[in-house]
Number of protein chains: 2
Amino acid sequence: MAGKLSVSPLAPASFPELPEIAGVEFSALAAGVRYAGRTDVMLARLAPGSAIAGVFTRSSTRSAPVLDCEAKLAAGAETDAGAAILVNSGNSNAFTGAAGEGSVAAICAAVSAASGIPTARVFTSSTGVIGERLPHERITQRLDELVAGLVPDGIETAARAIMTTDTYAKGSGAVVQSPAGEIRIAGIAKGSGMIAPDMATMLVYIFTDVAIAQPILQQALSSLTEQTFNAITVDGDTSTSDTLLLAATGKGAARIDDLNDASGRAFVEALHKVMLDLAHQVVKDGEGASKFLEIRVTGATDDADAKTIAMSIANSPLVKTAIAGEDPNWGRVVMAVGKSGATANRDRLSIRFGDILVAEKGWVAPSYTEEAGAAYMKQPELQMSVDLGLGNGAFTAWTCDLTHAYISINADYRS
Amino acid sequence: MAGKLSVSPLAPASFPELPEIAGVEFSALAAGVRYAGRTDVMLARLAPGSAIAGVFTRSSTRSAPVLDCEAKLAAGAETDAGAAILVNSGNSNAFTGAAGEGSVAAICAAVSAASGIPTARVFTSSTGVIGERLPHERITQRLDELVAGLVPDGIETAARAIMTTDTYAKGSGAVVQSPAGEIRIAGIAKGSGMIAPDMATMLVYIFTDVAIAQPILQQALSSLTEQTFNAITVDGDTSTSDTLLLAATGKGAARIDDLNDASGRAFVEALHKVMLDLAHQVVKDGEGASKFLEIRVTGATDDADAKTIAMSIANSPLVKTAIAGEDPNWGRVVMAVGKSGATANRDRLSIRFGDILVAEKGWVAPSYTEEAGAAYMKQPELQMSVDLGLGNGAFTAWTCDLTHAYISINADYRS
């Protein structure tokens with residue numbers, strides 16, 4: 001469990017200073033969901049008028065809370081009642097059959113009773129062990145306490161409450177000016193294993209004070225997910241509980257009506273920055289990670305092929321163990337390109353580690369030296385660029401290395 | 001390198017007794033391709049009239065020897081000239097540009113000069129480091145010696161010559177009676193990392209004494225590959241050099257004209273047994289393997305979905321680390337089913353570990369106890385069965401666990 005793990009060497013020095021978002025309050029406490037004495041439940045209350053957008057795992061075995069969130073967002077209940085987000089760690093309430101749905105209903109009812117927010121506007125997430133009944137009564141009996149504890153500046157504690165094998169709490173924020181007025185964004189995330197592409201993401205909650213219609217908010221979130229949370233991978237495995245919620249309270253200065261006007265672009269740009277920062281923080285806390293790797297693929301036939309190749313490299317155990325060993329083993333990059341199934345031509349391919357040209361024209365570059373490659377690999381943050389020389393398709397992915405610590409964490413920890 | 005690795009705990013007690021195949025001779029020696037004093041080149045000579053079938057990696061960055069073999073099989077040169085197979089370990093001659101093609105040509109020319117077999121019937125494979133020039137002169141200058149050393153009973157030495165990170169030599173054979181007469185088959189294989197599905201395989205050479213037309217031989221080989229070498233995975237990575245060659249000398253008693261008559265069925269059954277045995281031996285020598293896992297998927301919508309699910313489980317790092325930790329973590333199996341993209345219904349799914357019913361109807365089975373699951377997981381050879389409850393699609397895959405030793409081997413060894 002988290003207590004036994006040392007903090008990732010790639011962790012930021014400290015949790016960032018995040019802007020308070022008008023219309024959002026946080027509360028957290030230790031409910032003993034799985035472990036005693038660990039802050040493991042967080043509640044966020046959103047002011048009346050808040051719009052909420054979401055992206056979720058596409059797993060066919062997704063958890064009861066995910067199914068409930070999806071149904072509620074699809075139903076599109078009115079936003080003038082306010083909303084609540086309750087998240088527990090320690091138990092994912094996934095693959096728990098009808099009992100799982102009952103736990104979600106019980107928690108939503110208790111949040112509603114304690115806060116006055118209708119259950120149709122209560123969203124929940126659960127993360128932790130799969131297949132064990134969620135002892136939801138440990139949460140529901142503490143709801144009055146949770147509501148009483150709501151404060152505007154509680155986001156860092158909330159970030160800690162949702163951690164499982166995470167070695168540090170993850171937050172990111174932005175305050176930007178736009179023609180429509182100041183825009184504030186603050187977000188938190190958790191995730192360190194079961195992180196994979198082609199799915200929404202781990203658990204991420206982002207808050208902003210802009211006034212914005214829900215369909216436009218959803219559009220911004222969905223389009224940015226592809227380049228951020230869907231572009232990272234730790235181990236190619238995907239949680240049954242991945243949830244990304246974005247809430248806009250409308251209590252700030254700016255109203256966003258069009259994502260393409262100056263204010264809309266300022267909002268999208270700031271949101272992208274926050275989402276990418278949180279996505280990178282998740283990778284940097286990848287289970288056992290000691291290196292952060294950016295993989296840039298260009299020159300592919302199309303963007304889809306570029307993503308296929310980037311993810312084939314990012315998920316290759318042989319590439320990831322070479323990174324762990326600080327071995328400039330570009331042959332494994334060639335292997336991963338070749339196995340991806342995307343269009344590639346051995347003789348047009350070029351590979352760079354950082355600025356170092358490693359391979360081109362179907363072979364090692366004449367200028368490349370093993371010493372230069374080996375020296376480069378010693379850095380904690382690495383970049384590999386692959387140009388296919390075929391077209392204009394491009395994609396950038398991020399991952400971490402595969403180390404002994406990943407094995408230790410996952411052979412011992414019951415997730 | 002191999003010398004530093006201890007033998008897999010799943011290794012057979014010894015190399016099997018293999019039948020001699022009339023019309024095949026073997027030779028091997030230490031040419032110092034990469035390491036001094038290691039047997040690293042093998043030559044097999046096939047009698048005039050031999051038919052040869054092949055299956056190769058589909059990697060778009062496949063090696064020069066693979067490209068050469070494919071071209072020669074496609075050209076279909078006559079079989080009355082005999083044939084030769086030369087394999088080296090230590091250097092894969094992959095991603096070596098035009099120089100790589102030159103090395104293949106030089107080796108084929110030297111084999112031809114020393115043996116009298118035309119270059120169109122000389123097939124080569126190379127396995128080892130990617131992207132370094134193959135010092136082919138170390139091989140070509142030893143060819144007279146290799147040819148002089150050809151003996152009918154040299155198959156075990158040949159099996160040792162093709163090892164890289166393998167911890168034991170892999171062989172399998174069969175002698176069966178058929179209406180057409182006795183059928184003899186003997187095969188060898190190498191491979192322990194970069195083993196993945198959806199590609200041909202590692203290096204495998206199988207010899208039989210039946211008389212059979214090449215198209216029928218190819219048909220038998222291709223159809224059996226799907227259920228054997230394409231159903232195993234160690235790490236989901238795929239070599240640029242995977243090669244599977246099957247040679248039939250026609251020097252035995254049996255002539256096979258139809259794979260569906262009694263003799264044809266006897267041949268296919270014996271060949272299937274040899275291919276499956278070699279495939280299992282490759283998995284059991286998976287880098288760092290301590291457990292052998294059979295994954296049976298049934299009740300899927302179709303066979304393709306069943307394979308997708310089986311391979312999603314077999315390639316999941318979280319499932320494989322749980323196996324290494326002897327943790328009956330069936331929740332990770334649920335996760336892997338869910339992420340696969342294949343059709344699944346949480347509430348119709350059932351999971352068994354061996355004969356133990358673990359989960360059904362969307363939750364843990366009432367009869368399941370953690371103690372029973374934990375006791376089962378201590379065995380070296382495990383079986384997980386997943387029934388989707390949807391249709392008649394089925395597929396069985398085999399893999400090994402993911403251990404610290406995999407990381408050690410691949411962070412240190414330059415493959």
# chains A, B, ... in the order shown; residues from 1 in each chain; ligands from 1
>>> interface_residues(of="chain B", to="chain A", cutoff="8 Å", atoms="only C-alpha atoms", output="PyMOL selection string")
chain B and resi 58-62+95-98+129-132+194+235-240+316-318+321-327+329+331-332+334-341+343-347+361-364+402-404+407-408+410-412+414-415
>>> residues_around(residues="range 35-41 of chain A", least_positions_apart="3", cutoff="6 Å", atoms="only C-alpha atoms", output="mmCIF file with N, CA and C atoms, in the first residue's frame")
data_model
loop_
_atom_site.group_PDB
_atom_site.id
_atom_site.type_symbol
_atom_site.label_atom_id
_atom_site.label_comp_id
_atom_site.auth_asym_id
_atom_site.auth_seq_id
_atom_site.Cartn_x
_atom_site.Cartn_y
_atom_site.Cartn_z
ATOM 1 N N ALA A 28 -12.938 16.215 3.287
ATOM 2 C CA ALA A 28 -12.380 14.866 3.238
ATOM 3 C C ALA A 28 -12.232 14.335 4.651
ATOM 4 N N LEU A 29 -12.258 13.020 4.772
ATOM 5 C CA LEU A 29 -12.016 12.415 6.091
ATOM 6 C C LEU A 29 -11.609 10.956 5.942
ATOM 7 N N ALA A 30 -11.204 10.362 7.058
ATOM 8 C CA ALA A 30 -10.789 8.960 7.086
ATOM 9 C C ALA A 30 -11.972 8.112 7.528
ATOM 10 N N GLY A 32 -12.209 4.771 6.936
ATOM 11 C CA GLY A 32 -11.839 3.364 7.141
ATOM 12 C C GLY A 32 -12.427 2.430 6.099
ATOM 13 N N VAL A 87 -16.012 10.761 -3.729
ATOM 14 C CA VAL A 87 -15.041 9.766 -4.183
ATOM 15 C C VAL A 87 -14.456 9.040 -2.988
ATOM 16 N N ASN A 88 -14.404 7.703 -3.083
ATOM 17 C CA ASN A 88 -13.677 6.962 -2.041
ATOM 18 C C ASN A 88 -12.530 6.197 -2.652
ATOM 19 N N SER A 89 -11.470 6.011 -1.890
ATOM 20 C CA SER A 89 -10.392 5.101 -2.272
ATOM 21 C C SER A 89 -10.485 3.861 -1.385
ATOM 22 N N ALA A 161 -7.092 12.321 -0.492
ATOM 23 C CA ALA A 161 -8.109 11.316 -0.143
ATOM 24 C C ALA A 161 -8.316 10.285 -1.252
#
>>> select_by_dssp(residues="range 119-152 of chain A", states="helix (DSSP H, G or I)", output="VMD selection string")
chain A and resid 119 to 121 137 to 140 143 to 148
>>> write_last_selection(atoms="N, CA and C atoms", output="PDB file, in the first residue's frame")
ATOM      1  N   THR A 119     -30.403  13.439  -5.913  1.00  0.00           N
ATOM      2  CA  THR A 119     -29.514  12.321  -6.264  1.00  0.00           C
ATOM      3  C   THR A 119     -29.136  12.352  -7.737  1.00  0.00           C
ATOM      4  N   ALA A 120     -29.986  12.900  -8.603  1.00  0.00           N
ATOM      5  CA  ALA A 120     -29.661  12.960 -10.034  1.00  0.00           C
ATOM      6  C   ALA A 120     -28.436  13.815 -10.299  1.00  0.00           C
ATOM      7  N   ARG A 121     -28.040  14.619  -9.303  1.00  0.00           N
ATOM      8  CA  ARG A 121     -26.874  15.491  -9.471  1.00  0.00           C
ATOM      9  C   ARG A 121     -25.740  15.101  -8.527  1.00  0.00           C
ATOM     10  N   GLU A 137     -21.664   1.769   4.246  1.00  0.00           N
ATOM     11  CA  GLU A 137     -22.177   2.360   5.488  1.00  0.00           C
ATOM     12  C   GLU A 137     -21.077   3.136   6.230  1.00  0.00           C
ATOM     13  N   ARG A 138     -19.828   2.729   5.989  1.00  0.00           N
ATOM     14  CA  ARG A 138     -18.724   3.500   6.616  1.00  0.00           C
ATOM     15  C   ARG A 138     -18.659   4.914   6.052  1.00  0.00           C
ATOM     16  N   ILE A 139     -19.154   5.072   4.835  1.00  0.00           N
ATOM     17  CA  ILE A 139     -19.186   6.400   4.211  1.00  0.00           C
ATOM     18  C   ILE A 139     -20.475   7.130   4.577  1.00  0.00           C
ATOM     19  N   THR A 140     -21.600   6.431   4.413  1.00  0.00           N
ATOM     20  CA  THR A 140     -22.887   7.121   4.600  1.00  0.00           C
ATOM     21  C   THR A 140     -23.056   7.644   6.037  1.00  0.00           C
ATOM     22  N   LEU A 143     -21.601  11.252   6.517  1.00  0.00           N
ATOM     23  CA  LEU A 143     -21.892  12.312   5.554  1.00  0.00           C
ATOM     24  C   LEU A 143     -22.203  13.665   6.169  1.00  0.00           C
ATOM     25  N   ASP A 144     -22.869  13.645   7.312  1.00  0.00           N
ATOM     26  CA  ASP A 144     -23.137  14.943   7.956  1.00  0.00           C
ATOM     27  C   ASP A 144     -21.811  15.637   8.295  1.00  0.00           C
ATOM     28  N   GLU A 145     -20.881  14.833   8.775  1.00  0.00           N
ATOM     29  CA  GLU A 145     -19.540  15.337   9.090  1.00  0.00           C
ATOM     30  C   GLU A 145     -18.846  15.892   7.831  1.00  0.00           C
ATOM     31  N   LEU A 146     -18.944  15.121   6.747  1.00  0.00           N
ATOM     32  CA  LEU A 146     -18.320  15.560   5.491  1.00  0.00           C
ATOM     33  C   LEU A 146     -18.909  16.894   5.025  1.00  0.00           C
ATOM     34  N   VAL A 147     -20.230  16.996   5.047  1.00  0.00           N
ATOM     35  CA  VAL A 147     -20.873  18.238   4.601  1.00  0.00           C
ATOM     36  C   VAL A 147     -20.491  19.388   5.521  1.00  0.00           C
ATOM     37  N   ALA A 148     -20.459  19.122   6.812  1.00  0.00           N
ATOM     38  CA  ALA A 148     -20.098  20.188   7.764  1.00  0.00           C
ATOM     39  C   ALA A 148     -18.670  20.681   7.539  1.00  0.00           C
TER      40      ALA A 148
END
>>> residues_around(residues="Phe26 in chain B", least_positions_apart="4", cutoff="12 Å", atoms="only C-alpha atoms", output="PyMOL selection string")
chain B and resi 20-22+41-47+84-87+146-161+188+205+207
>>> closest_residue(among="A:Met311, A:Ile52, A:Ile232, A:Val33", to="His136 in chain A", atoms="only C-alpha atoms")
A:Val33
>>> closest_residue(among="A:Arg348, A:Ile162, A:Ala110, A:Ala71", to="Asn91 in chain A", atoms="only C-alpha atoms")
A:Ile162
>>> atom_distance(atom1="CA of Ser103 in chain A", atom2="CA of Val66 in chain A")
12.6 Å
>>> atom_distance(atom1="CA of Leu203 in chain B", atom2="CA of Phe229 in chain B")
10.5 Å
>>> atom_distance(atom1="CA of Gly191 in chain B", atom2="CA of Val282 in chain B")
5.7 Å
>>> closest_residue(among="A:Gly250, A:Gly23, A:Gly128, A:Gly102", to="Thr165 in chain A", atoms="only C-alpha atoms")
A:Gly128
>>> select_by_dssp(residues="range 206-374 of chain A", states="strand (DSSP E or B)", output="NGL selection string")
:A and (206-208 or 211-212 or 232-233 or 243-248 or 255-256 or 292-300 or 350-353 or 356-360 or 363-364)
>>> write_last_selection(atoms="N, CA, C and O atoms", output="short mmCIF file (atom, residue, chain, number, x, y, z; two decimals), in the first residue's frame")
data_model
loop_
_atom_site.label_atom_id
_atom_site.label_comp_id
_atom_site.auth_asym_id
_atom_site.auth_seq_id
_atom_site.Cartn_x
_atom_site.Cartn_y
_atom_site.Cartn_z
N ILE A 206 -11.70 18.25 -12.33
CA ILE A 206 -11.23 19.59 -12.67
C ILE A 206 -12.39 20.56 -12.47
O ILE A 206 -13.54 20.26 -12.80
N PHE A 207 -12.05 21.72 -11.90
CA PHE A 207 -13.06 22.72 -11.56
C PHE A 207 -12.69 24.05 -12.19
O PHE A 207 -11.52 24.43 -12.21
N THR A 208 -13.70 24.76 -12.70
CA THR A 208 -13.44 26.08 -13.25
C THR A 208 -14.61 26.99 -12.89
O THR A 208 -15.72 26.51 -12.64
N ALA A 211 -18.65 30.51 -16.76
CA ALA A 211 -20.04 30.18 -17.06
C ALA A 211 -20.07 29.63 -18.47
O ALA A 211 -19.57 30.27 -19.41
N ILE A 212 -20.60 28.44 -18.63
CA ILE A 212 -20.53 27.77 -19.92
C ILE A 212 -21.65 26.74 -20.01
O ILE A 212 -21.98 26.08 -19.01
N ILE A 232 -1.37 8.88 -22.61
CA ILE A 232 -0.41 8.38 -21.62
C ILE A 232 -0.66 6.90 -21.37
O ILE A 232 -1.76 6.40 -21.55
N THR A 233 0.39 6.23 -20.95
CA THR A 233 0.26 4.83 -20.57
C THR A 233 1.33 4.49 -19.55
O THR A 233 2.46 4.97 -19.65
N THR A 243 -12.43 7.73 -14.54
CA THR A 243 -13.43 8.80 -14.54
C THR A 243 -12.74 10.15 -14.60
O THR A 243 -11.78 10.40 -13.87
N LEU A 244 -13.22 11.00 -15.47
CA LEU A 244 -12.74 12.37 -15.60
C LEU A 244 -13.96 13.27 -15.59
O LEU A 244 -14.79 13.20 -16.49
N LEU A 245 -14.07 14.10 -14.55
CA LEU A 245 -15.21 15.02 -14.45
C LEU A 245 -14.69 16.45 -14.47
O LEU A 245 -13.69 16.76 -13.83
N LEU A 246 -15.37 17.30 -15.23
CA LEU A 246 -15.03 18.71 -15.31
C LEU A 246 -16.28 19.51 -14.93
O LEU A 246 -17.33 19.34 -15.56
N ALA A 247 -16.16 20.33 -13.90
CA ALA A 247 -17.31 21.11 -13.41
C ALA A 247 -17.03 22.59 -13.60
O ALA A 247 -15.96 23.09 -13.24
N ALA A 248 -17.98 23.29 -14.17
CA ALA A 248 -17.88 24.74 -14.35
C ALA A 248 -18.99 25.41 -13.54
O ALA A 248 -20.17 25.15 -13.80
N ARG A 255 -17.75 34.45 -19.11
CA ARG A 255 -18.77 33.60 -19.72
C ARG A 255 -18.21 33.14 -21.07
O ARG A 255 -17.74 33.95 -21.87
N ILE A 256 -18.24 31.81 -21.31
CA ILE A 256 -17.71 31.26 -22.56
C ILE A 256 -18.87 30.75 -23.40
O ILE A 256 -19.58 29.82 -23.00
N PHE A 292 10.82 9.39 -17.06
CA PHE A 292 9.66 9.91 -17.78
C PHE A 292 10.04 9.99 -19.25
O PHE A 292 11.09 10.54 -19.59
N LEU A 293 9.21 9.44 -20.12
CA LEU A 293 9.57 9.34 -21.53
C LEU A 293 8.49 9.96 -22.42
O LEU A 293 7.33 9.59 -22.34
N GLU A 294 8.93 10.91 -23.25
CA GLU A 294 8.04 11.47 -24.27
C GLU A 294 8.37 10.82 -25.60
O GLU A 294 9.53 10.76 -25.99
N ILE A 295 7.34 10.33 -26.29
CA ILE A 295 7.54 9.66 -27.58
C ILE A 295 6.82 10.46 -28.65
O ILE A 295 5.59 10.53 -28.66
N ARG A 296 7.59 11.09 -29.54
CA ARG A 296 7.01 11.90 -30.60
C ARG A 296 7.10 11.15 -31.90
O ARG A 296 8.19 10.83 -32.37
N VAL A 297 5.97 10.89 -32.51
CA VAL A 297 5.95 10.23 -33.81
C VAL A 297 5.47 11.22 -34.85
O VAL A 297 4.43 11.87 -34.67
N THR A 298 6.23 11.39 -35.91
CA THR A 298 5.87 12.30 -37.00
C THR A 298 6.06 11.55 -38.33
O THR A 298 6.63 10.46 -38.36
N GLY A 299 5.55 12.17 -39.40
CA GLY A 299 5.78 11.62 -40.73
C GLY A 299 5.01 10.35 -41.02
O GLY A 299 5.31 9.65 -41.98
N ALA A 300 4.00 10.04 -40.17
CA ALA A 300 3.22 8.83 -40.41
C ALA A 300 2.19 9.08 -41.50
O ALA A 300 1.91 10.23 -41.85
N SER A 350 13.50 7.41 -39.33
CA SER A 350 14.63 7.95 -38.56
C SER A 350 14.24 8.02 -37.09
O SER A 350 13.08 8.19 -36.74
N ILE A 351 15.23 7.85 -36.24
CA ILE A 351 15.02 7.81 -34.79
C ILE A 351 15.99 8.77 -34.13
O ILE A 351 17.19 8.79 -34.46
N ARG A 352 15.45 9.59 -33.21
CA ARG A 352 16.30 10.49 -32.42
C ARG A 352 16.06 10.25 -30.94
O ARG A 352 14.91 10.04 -30.53
N PHE A 353 17.12 10.28 -30.14
CA PHE A 353 17.00 10.34 -28.68
C PHE A 353 17.35 11.77 -28.33
O PHE A 353 18.51 12.19 -28.47
N ILE A 356 19.81 13.79 -30.55
CA ILE A 356 20.81 12.90 -31.14
C ILE A 356 20.18 12.04 -32.23
O ILE A 356 19.26 11.26 -31.96
N LEU A 357 20.67 12.16 -33.45
CA LEU A 357 20.18 11.29 -34.54
C LEU A 357 20.77 9.90 -34.34
O LEU A 357 22.00 9.73 -34.33
N VAL A 358 19.91 8.93 -34.15
CA VAL A 358 20.37 7.59 -33.81
C VAL A 358 20.38 6.68 -35.04
O VAL A 358 21.35 5.99 -35.30
N ALA A 359 19.28 6.70 -35.76
CA ALA A 359 19.17 5.78 -36.91
C ALA A 359 18.46 6.48 -38.04
O ALA A 359 17.57 7.30 -37.82
N GLU A 360 18.85 6.14 -39.24
CA GLU A 360 18.19 6.66 -40.44
C GLU A 360 18.54 5.75 -41.61
O GLU A 360 19.50 4.99 -41.55
N TRP A 363 19.39 2.04 -41.02
CA TRP A 363 20.52 1.59 -40.22
C TRP A 363 20.90 2.68 -39.22
O TRP A 363 20.37 3.78 -39.25
N VAL A 364 21.85 2.34 -38.37
CA VAL A 364 22.38 3.31 -37.41
C VAL A 364 22.97 4.50 -38.16
O VAL A 364 23.56 4.34 -39.23
#
